[in-house]
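Asker: Take a look at the following structure, please.
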Amino acid sequence: MSREILITTPENIAIEYELAGLGSRAAAYTIDLMFKFVCWLSIGVAGLIIMGVAVLVGWHWFQRFVADFLQIIAAVYVIIAFLILWGYGILFEIIWNGQTPGKRQMGIRVIRLEGYPLGVFGATIRNLLWIVDFLPAAFLAGIVSILVTREYQRLGDLVAGTIVVKQRAPQSLDALLQVARITPEHLDKDALELISSQADRMSPDEYRAVRHFTERRMQLDPVIQRRQAALIALPLMHRLDIVPPSTAKTVDYANFLEYLAVAYEQLRRPK
């Protein structure tokens, strides 16, 4: 299964992400669990220190208060522990734009399936549903869901409409909004317009295969280049109903794929 996903936003901006695998997500969860444990332990130790100080300095009134309201104090601790357990992920993913301390350490981030940053709703839903992913034990349901879904989504992600991707190096806003390739000067505009009428029917996986070939074609032996270009182009031409002109004696499939990739990118550029 491919680890890359090409997301086309409603603004027609195509962004490619690498999906986070099970290993990095498990490591991030383990780090976050350690942070939670430290929080729980710190609160418990703080409570014991306060009670110990009260005994040492002779705060008898405080000791009586603790004795009388021991059950209330225990209930408060349970409530705080509950808030840490359920609110930790929600809080950090909201204020850190889809990351927790564990995810930040592992270089992964949660985003919406449409490519937008994670919102309050998505962060809340996916974190509240972690208990479902835990069933029947040891996150078995969540692990199975990640392994069998196309976008590596656990059950909470499926409901919240989110995915987990690898964090990329920071880019400028201009770089994010620009399409990587503008129409080369040598491409015939009429031919490009003709191919554009069919290029929009390509899937993101097909586009990725085409662009992968065009970026590396010049590194190939000419014979291998022609053979691989034909293997990629012929099924696409058949599926997209692209028929060479009757006057054409031969078809340069490598150049055809260049036209097809550029046409696809142009159709997804911001208007």
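Chain labels run A, B, ... following the order of the structure tokens; each chain numbers its residues from 1, and ligands are numbered from 1 in the order shown.
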From region 91-153 of chain A, collect each residue whose DSSP state is alpha helix (DSSP H) and return the set as a PyMOL selection string.
Answerer: chain A and resi 91-95+101-106+120-128+130-134+140-148
Asker: Let me make sure I understand: among A:Arg150, A:Asp221, A:Ala81, A:Trp130, which one has the smallest atom-to-atom distance to Leu41 (chain A) if we use only C-alpha atoms?
Answerer: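 The answer is A:Ala81, which sits nearest to Leu41 (chain A).
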Asker: Would you mind listing what lies within 12 Å of Gly21 (chain A) as number ranges by chain, with only C-alpha atoms counted and same-chain residues fewer than 6 positions away left out?
Answerer: A: 1-4, 27-28, 106-109, 143, 146-147, 149-154, 163-166
Asker: Between A:Gln219, A:Asn127, A:Thr214, A:Ser145, which has the minimum distance to Asn255 (chain A) (counting only C-alpha atoms)?
Answerer: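 So, comparing all the options, the nearest one is A:Thr214.
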Asker: Please list as an MDAnalysis selection string every residue within 9 Å of Phe213 (chain A), counting only C-alpha atoms and excluding residues in the same chain fewer than 2 positions away.
Answerer: chainID A and resid 208:211 215:217 225 228:229 232 254 257
Asker: One decimal, Å: what's the distance from CA of Ser42 (chain A) over to CA of Ile95 (chain A), could you say?
Answerer: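 We find that CA of Ser42 (chain A) and CA of Ile95 (chain A) lie 22.7 Å from each other.
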Asker: For CA of Arg227 (chain A) and CA of Arg201 (chain A), determine how far apart the two atoms are, in Å to one decimal place.
Answerer: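 Spanning CA of Arg227 (chain A) to CA of Arg201 (chain A) is a straight-line distance of 24.0 Å.
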Asker: Tell me which protein, DNA and RNA residues are within 10 Å of Tyr29 (chain A), counting only C-alpha atoms, leaving out same-chain ones fewer than 6 positions away, and put them as an MDAnalysis selection string.
Answerer: chainID A and resid 23 35 89 100:103 106
Asker: Could you state the separation of CA of Ala160 (chain A) and CA of Gly122 (chain A) in Å, given to one decimal place?
Answerer: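 Separation of CA of Ala160 (chain A) and CA of Gly122 (chain A): 5.0 Å.
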Asker: Tell me, as a list in words, which residues lie within 7 Å of Ala199 (chain A), counting only C-alpha atoms; anything in the same chain fewer than 2 positions away does not count.
Answerer: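 Residues meeting the cut-off are Ile195, Ser196, Ser197, Arg201, Met202, Leu260, Ala263 and Tyr264 of chain A.
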Asker: Please save C-alpha atoms of the selected residues as a PDB file, in the first residue's frame.
Answerer:
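Output contents, as saved in out31.pdb:
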ATOM      1  CA  ILE A 195      -5.057  16.576 -23.531  1.00  0.00           C
ATOM      2  CA  SER A 196      -6.405  18.830 -20.777  1.00  0.00           C
ATOM      3  CA  SER A 197      -9.950  17.845 -21.716  1.00  0.00           C
ATOM      4  CA  ARG A 201     -10.100  12.150 -15.111  1.00  0.00           C
ATOM      5  CA  MET A 202      -6.740  10.913 -13.859  1.00  0.00           C
ATOM      6  CA  LEU A 260      -0.463  14.732 -19.409  1.00  0.00           C
ATOM      7  CA  ALA A 263      -2.222  19.367 -18.032  1.00  0.00           C
ATOM      8  CA  TYR A 264      -3.208  17.697 -14.750  1.00  0.00           C
TER       9      TYR A 264
END
Asker: From the options A:Ile94, A:Ala26, A:Leu135, A:Leu140, which residue's atoms come nearest to Ala123 (chain A), counting only C-alpha atoms?
Answerer: A:Ile94
